[in-house]
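Here the structure comes first, spelled out in structure tokens, and everything after it is commentary.
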Amino acid sequence: MKVNNKHYRTIWPDPHNNRHICIIDQRQLPHEFVIETLTTGEQAITAIQEMHVRGAGLIGATAGFAMFLASMEAPELDFTAYLTSFAEMLGNSRPTARNLIWAIDRVLAAIDDIPDIAEKRDRAFTTACAIADEDAHFCKQIGEHGLDIIKEISRKKQGAPVNILTHCNAGWLAFVDHGSATAPIYAARDAGIPVHVWVDETRPWNQGARLTAWELQQENIANTLICDNCGGHLMQHGMVDLVIVGTDRTTHTGDVANKIGTYLKALAAHDNNIPFYVALPSSTFDWKLDNGMAIPIEQRSEKEITTISGKDEYGEISTVTLTASGTKAANYGFDVTPARLITGLITERGVVKAEREAIHRLFPEHDAQRDTFSGRVMKKREQRKFIRHDSLHLLDYIVLDEQGNPGTYSMGRTIDVSVDGIKLETAIALAANTRLLITIGIEDDLVELEGRTTHAHPQDGRYISGVTFLKISRNGRRVLSKYVEAFRQRKRELQKKQEEA
Ligand code: MRU
């Protein structure tokens with residue numbers, strides 16, 4: 001899209017040296033337009049973590065190029081190990097963003113069976129470029145599908161401007177080009193339909209105030225900035241015809257994680273009978289998570305809430321503190337809007353209901369990826385059958401809600417264990433602080449241990465979670481100690497076997 005009438009993408013390889021990747025440093029917008037050059041994988045991780053780049057598609061595209069930069073740095077003799085550990089660090093840089101993991105996995109899969117290192121590097125580069133191109137192309141298609149929704153509202157309003165409310169920045173700055181939520185707006189403008197956008201400021205980082213308002217201005221789209229609490233009032237007074245937002249991760253059942261505050265807008269839209277659409281490329285779908293409540297929610301620095309930056313009267317950018325010293329703040333980056341509050345998802349293949357069946361009908365190639373056992377709670381008898389004495393690494397767990405009611409049942413693998421906690425590998429991502437009931441077995445003893453997850457990170461298409469045990473009974477502790485000892489012994493034996501081989 002345009003900046004001072006010149007077309008830009010948000011990320012591109014430097015035409016003079018394609019080992020250098022150019023980005024727009026979004027921390028400086030709207031006051032300064034600064035192009036930054038990334039030359040190392042580590043710089044790319046910092047750019048994602050510290051939000052020089054942000055937004056679903058752009059995080060994915062940057063991750064693709066980060067993998068390329070890391071592939072250039074990886075020593076030939078240790079190439080795979082280096083890249084795997086880099087991928088793990090990169091994958092942890094923004095935990096809610098689905099596109100991040102999707103892009104990392106795509107690059108790893110693309111280079112996996114290539115024996116020659118130089119060729120691997122070339123393929124990492126072309127894959128990263130393909131991710132970026134595809135993102136821009138899919139957003140354009142999202143625009144075309146979303147245009148029909150705006151057209152219909154405009155027809156009903158007999159050509160009066162269509163008022164669209166958006167939250168955060170799901171504009172071109174959040175993707176490679178066009179944006180997701182903004183793509184239908186740009187398409188409507190191009191089709192000659194008058195539109196006006198209500199832009200939520202989106203505290204604490206102010207993506208709406210700093211980025212969305214600025215990019216719409218650059219594209220000559222009428223827009224008005226509002227504070228985050230204003231949307232409900234506008235909806236009650238018939239001043240909003242449609243809400244379109246983006247998403248950082250959407251489950252294949254239609255629950256949507258998006259910037260904090262989105263859920264409240266969806267509730268207000270529902271109460272006022274206003275259509276609420278979410279625009280996303282398919283790279284943002286999480287094909288494994290059944291329930292949006294399991295989406296990991298990033299928590300960021302308190303400083304983003306207790307301070308604010310802007311241009312002062314002398315034209316200098318400065319940061320001021322808003323709060324009394326010592327004020328505690330909780331900075332949850334995202335919330336989850338349940339599928340039932342969503343009118344539809346606007347994807348590159350068309351508009352679809354936020355429902356499992358409809359989503360899978362549109363993307364049938366992802367059917368095979370559903371490998372959870374959601375909704376099934378195992379009975380003790382079944383557990384005994386499952387926990388074989390020769391399978392110390394297998395366990396089963398149930399996700400509990402805050403009241404202790406059982407939810408998703410699934411199986412996992414013990415990666416490591418002590419009497420205080422366990423590291424486990426699961427097929428589904430578990431949000432930090434998830435309450436779990438884990439069952440482990442040793443000989444004829446079976447014990448249920450309650451714990452809470454501390455962290456989760458993706459690895460080879462699965463997830464590794466740390467779990468700290470909560471209160472354990474004396475008998476539980478006895479069984480656990482036996483299990484820990486047997487597990488360690490077994491690990492030592494396996495290690496020895498490997499070394500011998
Ligand atoms: O924290 P950010 O800025 O990376 O958050 C992402 C967002 O901009 C929003 O949540 C957006 O609406 C979805 S990403 C297209």
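By convention in this document, the chains of the structure tokens carry letters A, B, ... by their order, each chain's residues are numbered from 1, and ligands are numbered from 1 in the order they are shown.
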
If you run DSSP on the backbone here, which positions in range 42-256 of chain A get alpha helix (DSSP H)? Please write them as a VMD selection string.
chain A and resid 42 to 49 56 to 73 79 to 91 98 to 111 117 to 156 183 to 190 207 213 to 218 231 to 236

Can you write just those residues out, C-alpha atoms, as an mmCIF file, in the first residue's frame?
data_model
loop_
_atom_site.group_PDB
_atom_site.id
_atom_site.type_symbol
_atom_site.label_atom_id
_atom_site.label_comp_id
_atom_site.auth_asym_id
_atom_site.auth_seq_id
_atom_site.Cartn_x
_atom_site.Cartn_y
_atom_site.Cartn_z
ATOM 1 C CA GLU A 42 18.869 -12.822 16.129
ATOM 2 C CA GLN A 43 17.966 -9.336 14.860
ATOM 3 C CA ALA A 44 14.857 -10.818 13.298
ATOM 4 C CA ILE A 45 13.819 -12.389 16.620
ATOM 5 C CA THR A 46 14.324 -9.043 18.366
ATOM 6 C CA ALA A 47 12.300 -7.284 15.648
ATOM 7 C CA ILE A 48 9.391 -9.665 16.262
ATOM 8 C CA GLN A 49 9.647 -9.671 20.045
ATOM 9 C CA ALA A 56 -0.318 -11.960 12.080
ATOM 10 C CA GLY A 57 0.873 -12.117 8.466
ATOM 11 C CA LEU A 58 3.916 -9.922 8.915
ATOM 12 C CA ILE A 59 5.118 -11.931 11.921
ATOM 13 C CA GLY A 60 4.805 -15.024 9.689
ATOM 14 C CA ALA A 61 6.676 -13.435 6.788
ATOM 15 C CA THR A 62 9.418 -12.152 9.116
ATOM 16 C CA ALA A 63 9.727 -15.603 10.657
ATOM 17 C CA GLY A 64 10.220 -17.047 7.158
ATOM 18 C CA PHE A 65 13.075 -14.625 6.460
ATOM 19 C CA ALA A 66 14.455 -15.155 9.980
ATOM 20 C CA MET A 67 14.772 -18.859 9.179
ATOM 21 C CA PHE A 68 16.591 -17.958 5.972
ATOM 22 C CA LEU A 69 19.006 -15.651 7.843
ATOM 23 C CA ALA A 70 19.612 -18.382 10.422
ATOM 24 C CA SER A 71 20.243 -20.913 7.654
ATOM 25 C CA MET A 72 23.009 -18.644 6.348
ATOM 26 C CA GLU A 73 24.578 -18.538 9.816
ATOM 27 C CA PHE A 79 23.257 -27.289 10.311
ATOM 28 C CA THR A 80 20.115 -29.109 11.442
ATOM 29 C CA ALA A 81 20.780 -28.849 15.183
ATOM 30 C CA TYR A 82 21.537 -25.126 14.841
ATOM 31 C CA LEU A 83 18.397 -24.426 12.840
ATOM 32 C CA THR A 84 16.194 -26.491 15.144
ATOM 33 C CA SER A 85 17.326 -24.638 18.213
ATOM 34 C CA PHE A 86 16.976 -21.306 16.398
ATOM 35 C CA ALA A 87 13.432 -22.313 15.352
ATOM 36 C CA GLU A 88 12.592 -23.017 18.966
ATOM 37 C CA MET A 89 13.754 -19.574 20.116
ATOM 38 C CA LEU A 90 11.961 -17.899 17.244
ATOM 39 C CA GLY A 91 8.782 -19.871 17.935
ATOM 40 C CA ARG A 98 -0.162 -18.757 14.837
ATOM 41 C CA ASN A 99 1.514 -17.519 11.636
ATOM 42 C CA LEU A 100 4.855 -17.583 13.428
ATOM 43 C CA ILE A 101 4.839 -21.354 13.964
ATOM 44 C CA TRP A 102 3.186 -21.949 10.613
ATOM 45 C CA ALA A 103 5.981 -20.111 8.766
ATOM 46 C CA ILE A 104 8.771 -21.799 10.752
ATOM 47 C CA ASP A 105 7.294 -25.232 10.047
ATOM 48 C CA ARG A 106 6.884 -24.371 6.381
ATOM 49 C CA VAL A 107 10.533 -23.435 5.950
ATOM 50 C CA LEU A 108 11.717 -26.487 7.917
ATOM 51 C CA ALA A 109 9.509 -28.792 5.833
ATOM 52 C CA ALA A 110 10.691 -27.203 2.580
ATOM 53 C CA ILE A 111 14.369 -27.826 3.290
ATOM 54 C CA ILE A 117 23.445 -27.216 2.513
ATOM 55 C CA ALA A 118 23.771 -24.517 -0.172
ATOM 56 C CA GLU A 119 20.581 -25.792 -1.723
ATOM 57 C CA LYS A 120 18.857 -25.809 1.663
ATOM 58 C CA ARG A 121 19.770 -22.136 2.053
ATOM 59 C CA ASP A 122 18.462 -21.298 -1.395
ATOM 60 C CA ARG A 123 15.245 -23.123 -0.658
ATOM 61 C CA ALA A 124 14.866 -21.309 2.702
ATOM 62 C CA PHE A 125 15.100 -18.015 0.809
ATOM 63 C CA THR A 126 12.617 -18.935 -1.925
ATOM 64 C CA THR A 127 10.207 -20.331 0.687
ATOM 65 C CA ALA A 128 10.399 -17.115 2.721
ATOM 66 C CA CYS A 129 9.701 -15.099 -0.449
ATOM 67 C CA ALA A 130 6.798 -17.419 -1.296
ATOM 68 C CA ILE A 131 5.330 -16.942 2.196
ATOM 69 C CA ALA A 132 5.480 -13.157 1.743
ATOM 70 C CA ASP A 133 4.012 -13.250 -1.778
ATOM 71 C CA GLU A 134 1.265 -15.615 -0.751
ATOM 72 C CA ASP A 135 0.359 -13.439 2.232
ATOM 73 C CA ALA A 136 -0.075 -10.398 -0.012
ATOM 74 C CA HIS A 137 -2.050 -12.418 -2.552
ATOM 75 C CA PHE A 138 -4.355 -14.010 0.046
ATOM 76 C CA CYS A 139 -5.072 -10.616 1.594
ATOM 77 C CA LYS A 140 -6.073 -9.313 -1.849
ATOM 78 C CA GLN A 141 -8.479 -12.240 -2.177
ATOM 79 C CA ILE A 142 -9.852 -11.570 1.323
ATOM 80 C CA GLY A 143 -10.595 -8.067 0.039
ATOM 81 C CA GLU A 144 -12.544 -9.402 -2.929
ATOM 82 C CA HIS A 145 -14.674 -11.734 -0.783
ATOM 83 C CA GLY A 146 -15.256 -9.116 1.902
ATOM 84 C CA LEU A 147 -16.276 -6.581 -0.719
ATOM 85 C CA ASP A 148 -19.582 -8.431 -1.257
ATOM 86 C CA ILE A 149 -20.499 -7.862 2.405
ATOM 87 C CA ILE A 150 -19.847 -4.125 2.169
ATOM 88 C CA LYS A 151 -21.623 -3.900 -1.200
ATOM 89 C CA GLU A 152 -24.768 -5.438 0.264
ATOM 90 C CA ILE A 153 -24.800 -3.014 3.214
ATOM 91 C CA SER A 154 -24.197 -0.090 0.861
ATOM 92 C CA ARG A 155 -27.115 -1.218 -1.311
ATOM 93 C CA LYS A 156 -29.381 -1.318 1.742
ATOM 94 C CA ALA A 183 -8.580 -5.408 2.466
ATOM 95 C CA PRO A 184 -12.394 -5.329 1.979
ATOM 96 C CA ILE A 185 -12.314 -1.614 2.845
ATOM 97 C CA TYR A 186 -9.678 -0.901 0.190
ATOM 98 C CA ALA A 187 -11.629 -3.046 -2.279
ATOM 99 C CA ALA A 188 -14.821 -1.068 -1.500
ATOM 100 C CA ARG A 189 -12.967 2.209 -2.059
ATOM 101 C CA ASP A 190 -11.699 0.880 -5.402
ATOM 102 C CA GLN A 207 -1.974 0.057 17.105
ATOM 103 C CA ALA A 213 -5.487 5.716 11.387
ATOM 104 C CA TRP A 214 -2.193 6.575 9.674
ATOM 105 C CA GLU A 215 -2.411 3.891 6.993
ATOM 106 C CA LEU A 216 -6.040 4.750 6.181
ATOM 107 C CA GLN A 217 -5.036 8.385 5.913
ATOM 108 C CA GLN A 218 -2.241 7.459 3.479
ATOM 109 C CA GLY A 231 -17.710 1.369 20.243
ATOM 110 C CA GLY A 232 -20.711 0.243 22.299
ATOM 111 C CA HIS A 233 -22.104 3.775 22.379
ATOM 112 C CA LEU A 234 -21.733 4.173 18.604
ATOM 113 C CA MET A 235 -23.422 0.828 18.015
ATOM 114 C CA GLN A 236 -26.377 1.732 20.224
#

At a cut-off of 12 Å, can you tabulate as a tab-separated table every residue of range 83-156 of chain A near range 323-338 of chain A together with its closest atom pair and the distance in Å to one decimal, using only C-alpha atoms and ordering rows by chain then number?
residue	atom	partner	partner_atom	distance
A:Arg94	CA	A:Gly333	CA	10.1
A:Pro95	CA	A:Gly333	CA	10.2
A:Thr96	CA	A:Phe334	CA	7.8
A:Ala97	CA	A:Phe334	CA	10.0

May I ask you to write as a ChimeraX atom specification all residues lying at most 8 Å from ligand 1, with only C-alpha atoms and all ligand atoms counted?
/A:51,53-57,59,97,167-171,174-175,179-181,205,207,245-248,257-260,280,333-334

How would the residues just picked look written out with N, CA and C atoms as a JSON list (two decimals), in the first residue's frame?
[["chain", "number", "residue", "atom", "x", "y", "z"],
["A", 51, "MET", "N", 8.45, -5.80, 18.60],
["A", 51, "MET", "CA", 7.41, -5.21, 17.76],
["A", 51, "MET", "C", 7.89, -4.10, 16.82],
["A", 53, "VAL", "N", 8.25, -5.19, 13.92],
["A", 53, "VAL", "CA", 7.22, -5.74, 13.04],
["A", 53, "VAL", "C", 6.20, -6.44, 13.91],
["A", 54, "ARG", "N", 4.94, -6.46, 13.46],
["A", 54, "ARG", "CA", 3.90, -7.07, 14.27],
["A", 54, "ARG", "C", 2.72, -7.41, 13.36],
["A", 55, "GLY", "N", 1.72, -8.04, 13.94],
["A", 55, "GLY", "CA", 0.55, -8.42, 13.15],
["A", 55, "GLY", "C", 0.75, -9.81, 12.56],
["A", 56, "ALA", "N", -0.37, -10.53, 12.42],
["A", 56, "ALA", "CA", -0.32, -11.96, 12.08],
["A", 56, "ALA", "C", 0.56, -12.28, 10.86],
["A", 57, "GLY", "N", 0.19, -11.75, 9.70],
["A", 57, "GLY", "CA", 0.87, -12.12, 8.47],
["A", 57, "GLY", "C", 2.31, -11.65, 8.43],
["A", 59, "ILE", "N", 4.30, -11.11, 11.01],
["A", 59, "ILE", "CA", 5.12, -11.93, 11.92],
["A", 59, "ILE", "C", 5.50, -13.22, 11.19],
["A", 97, "ALA", "N", 0.76, -15.77, 18.32],
["A", 97, "ALA", "CA", 0.75, -15.67, 16.85],
["A", 97, "ALA", "C", 0.88, -17.02, 16.16],
["A", 167, "HIS", "N", -10.70, -2.89, 15.13],
["A", 167, "HIS", "CA", -9.93, -2.86, 16.37],
["A", 167, "HIS", "C", -8.49, -3.22, 16.05],
["A", 168, "CYS", "N", -7.58, -2.57, 16.71],
["A", 168, "CYS", "CA", -6.15, -2.83, 16.53],
["A", 168, "CYS", "C", -5.71, -2.48, 15.11],
["A", 169, "ASN", "N", -4.68, -3.15, 14.62],
["A", 169, "ASN", "CA", -4.28, -2.92, 13.23],
["A", 169, "ASN", "C", -4.18, -4.26, 12.53],
["A", 170, "ALA", "N", -5.21, -4.53, 11.74],
["A", 170, "ALA", "CA", -5.16, -5.70, 10.85],
["A", 170, "ALA", "C", -5.12, -5.14, 9.43],
["A", 171, "GLY", "N", -4.33, -4.10, 9.28],
["A", 171, "GLY", "CA", -4.16, -3.43, 7.99],
["A", 171, "GLY", "C", -2.93, -3.97, 7.28],
["A", 174, "ALA", "N", 0.09, -5.01, 9.21],
["A", 174, "ALA", "CA", 0.08, -6.27, 9.96],
["A", 174, "ALA", "C", 0.32, -7.46, 9.03],
["A", 175, "PHE", "N", 0.39, -7.19, 7.73],
["A", 175, "PHE", "CA", 0.60, -8.26, 6.74],
["A", 175, "PHE", "C", 1.73, -7.81, 5.82],
["A", 179, "GLY", "N", -3.53, -5.98, 4.00],
["A", 179, "GLY", "CA", -4.15, -6.23, 5.30],
["A", 179, "GLY", "C", -5.26, -7.26, 5.18],
["A", 180, "SER", "N", -5.77, -7.69, 6.34],
["A", 180, "SER", "CA", -6.91, -8.62, 6.30],
["A", 180, "SER", "C", -8.19, -7.84, 6.53],
["A", 181, "ALA", "N", -8.36, -7.22, 7.71],
["A", 181, "ALA", "CA", -9.59, -6.47, 7.98],
["A", 181, "ALA", "C", -9.74, -5.27, 7.05],
["A", 205, "TRP", "N", -0.77, -0.53, 23.29],
["A", 205, "TRP", "CA", 0.28, -0.21, 22.32],
["A", 205, "TRP", "C", -0.22, 0.78, 21.28],
["A", 207, "GLN", "N", -2.10, 0.42, 18.52],
["A", 207, "GLN", "CA", -1.97, 0.06, 17.11],
["A", 207, "GLN", "C", -2.99, 0.81, 16.25],
["A", 245, "VAL", "N", -12.59, -7.26, 12.08],
["A", 245, "VAL", "CA", -11.30, -7.28, 12.79],
["A", 245, "VAL", "C", -10.42, -8.36, 12.19],
["A", 246, "GLY", "N", -9.18, -8.39, 12.62],
["A", 246, "GLY", "CA", -8.27, -9.45, 12.20],
["A", 246, "GLY", "C", -8.16, -10.49, 13.30],
["A", 247, "THR", "N", -7.19, -11.36, 13.20],
["A", 247, "THR", "CA", -6.97, -12.36, 14.25],
["A", 247, "THR", "C", -5.53, -12.85, 14.22],
["A", 248, "ASP", "N", -5.05, -13.20, 15.40],
["A", 248, "ASP", "CA", -3.68, -13.72, 15.51],
["A", 248, "ASP", "C", -3.66, -15.23, 15.54],
["A", 257, "ALA", "N", -8.74, -15.56, 18.51],
["A", 257, "ALA", "CA", -7.90, -14.73, 19.40],
["A", 257, "ALA", "C", -7.51, -13.48, 18.62],
["A", 258, "ASN", "N", -7.74, -12.35, 19.21],
["A", 258, "ASN", "CA", -7.33, -11.09, 18.59],
["A", 258, "ASN", "C", -6.96, -10.12, 19.70],
["A", 259, "LYS", "N", -6.48, -8.96, 19.30],
["A", 259, "LYS", "CA", -5.97, -7.97, 20.26],
["A", 259, "LYS", "C", -6.96, -7.76, 21.40],
["A", 260, "ILE", "N", -6.44, -7.60, 22.58],
["A", 260, "ILE", "CA", -7.25, -7.44, 23.79],
["A", 260, "ILE", "C", -8.34, -6.36, 23.56],
["A", 280, "LEU", "N", -9.14, -13.26, 7.81],
["A", 280, "LEU", "CA", -7.87, -13.97, 8.05],
["A", 280, "LEU", "C", -7.45, -14.82, 6.86],
["A", 333, "GLY", "N", -2.14, -9.46, 26.14],
["A", 333, "GLY", "CA", -2.12, -8.92, 24.78],
["A", 333, "GLY", "C", -3.35, -9.25, 23.95],
["A", 334, "PHE", "N", -4.01, -10.34, 24.27],
["A", 334, "PHE", "CA", -5.09, -10.82, 23.39],
["A", 334, "PHE", "C", -6.25, -11.35, 24.21]]

Could you pull the residues within 7 Å of Leu395 in chain A, counting only C-alpha atoms, minus those fewer than 6 positions along the same chain, as JSON, numbers by chain?
{"A": [387, 411, 412, 413, 414, 439, 440]}

If we count only C-alpha atoms, what is near Glu425 in chain A at a cut-off of 10 Å, once residues fewer than 3 positions away on the same chain are taken out, given as a list in words?
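After dropping sequence-adjacent residues, the list is His393, Leu394, Leu395, Met411, Gly412, Arg413, Thr414, Ile415, Asp416, Ile422, Ile428, Ala429, Ala456, His457, Pro458, Gln459, Arg462, Tyr463, Ile464, Ser465 and Gly466 of chain A.
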
With C-alpha atoms kept, could you save the residues just selected as a PDB file, in the first residue's frame?
ATOM      1  CA  HIS A 393       6.988 -42.249  28.709  1.00  0.00           C
ATOM      2  CA  LEU A 394       3.252 -42.338  27.995  1.00  0.00           C
ATOM      3  CA  LEU A 395       0.707 -40.536  30.102  1.00  0.00           C
ATOM      4  CA  MET A 411      -2.486 -38.296  25.689  1.00  0.00           C
ATOM      5  CA  GLY A 412       1.070 -37.086  25.966  1.00  0.00           C
ATOM      6  CA  ARG A 413       4.623 -38.191  26.526  1.00  0.00           C
ATOM      7  CA  THR A 414       6.855 -37.604  29.512  1.00  0.00           C
ATOM      8  CA  ILE A 415       9.987 -35.797  28.421  1.00  0.00           C
ATOM      9  CA  ASP A 416      11.323 -35.313  31.929  1.00  0.00           C
ATOM     10  CA  ILE A 422       6.864 -32.726  34.694  1.00  0.00           C
ATOM     11  CA  ILE A 428      -2.301 -29.660  21.391  1.00  0.00           C
ATOM     12  CA  ALA A 429      -0.940 -26.357  22.655  1.00  0.00           C
ATOM     13  CA  ALA A 456       4.500 -24.271  26.252  1.00  0.00           C
ATOM     14  CA  HIS A 457       6.490 -24.123  23.081  1.00  0.00           C
ATOM     15  CA  PRO A 458       6.081 -25.860  19.734  1.00  0.00           C
ATOM     16  CA  GLN A 459       8.518 -28.523  18.616  1.00  0.00           C
ATOM     17  CA  ARG A 462       3.879 -30.919  18.734  1.00  0.00           C
ATOM     18  CA  TYR A 463       4.135 -28.877  21.935  1.00  0.00           C
ATOM     19  CA  ILE A 464       6.373 -29.097  24.974  1.00  0.00           C
ATOM     20  CA  SER A 465       4.840 -27.896  28.251  1.00  0.00           C
ATOM     21  CA  GLY A 466       6.267 -27.486  31.709  1.00  0.00           C
TER      22      GLY A 466
END

Write out as a ChimeraX atom specification the set of residues from range 196-421 of chain A that DSSP, computed on the backbone, places in strand (DSSP E).
/A:196-200,222-226,242-245,249-251,256-259,276-279,285-286,307-311,317-321,334-337,344-347,350-352,394-400,406-417,421

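Atom to atom, CA of Ile221 in chain A and CA of Val197 in chain A stand 7.7 Å apart.
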
Expressed in Å to a single decimal, how great is the separation between CA of Gln498 in chain A and CA of Lys482 in chain A?
24.4 Å
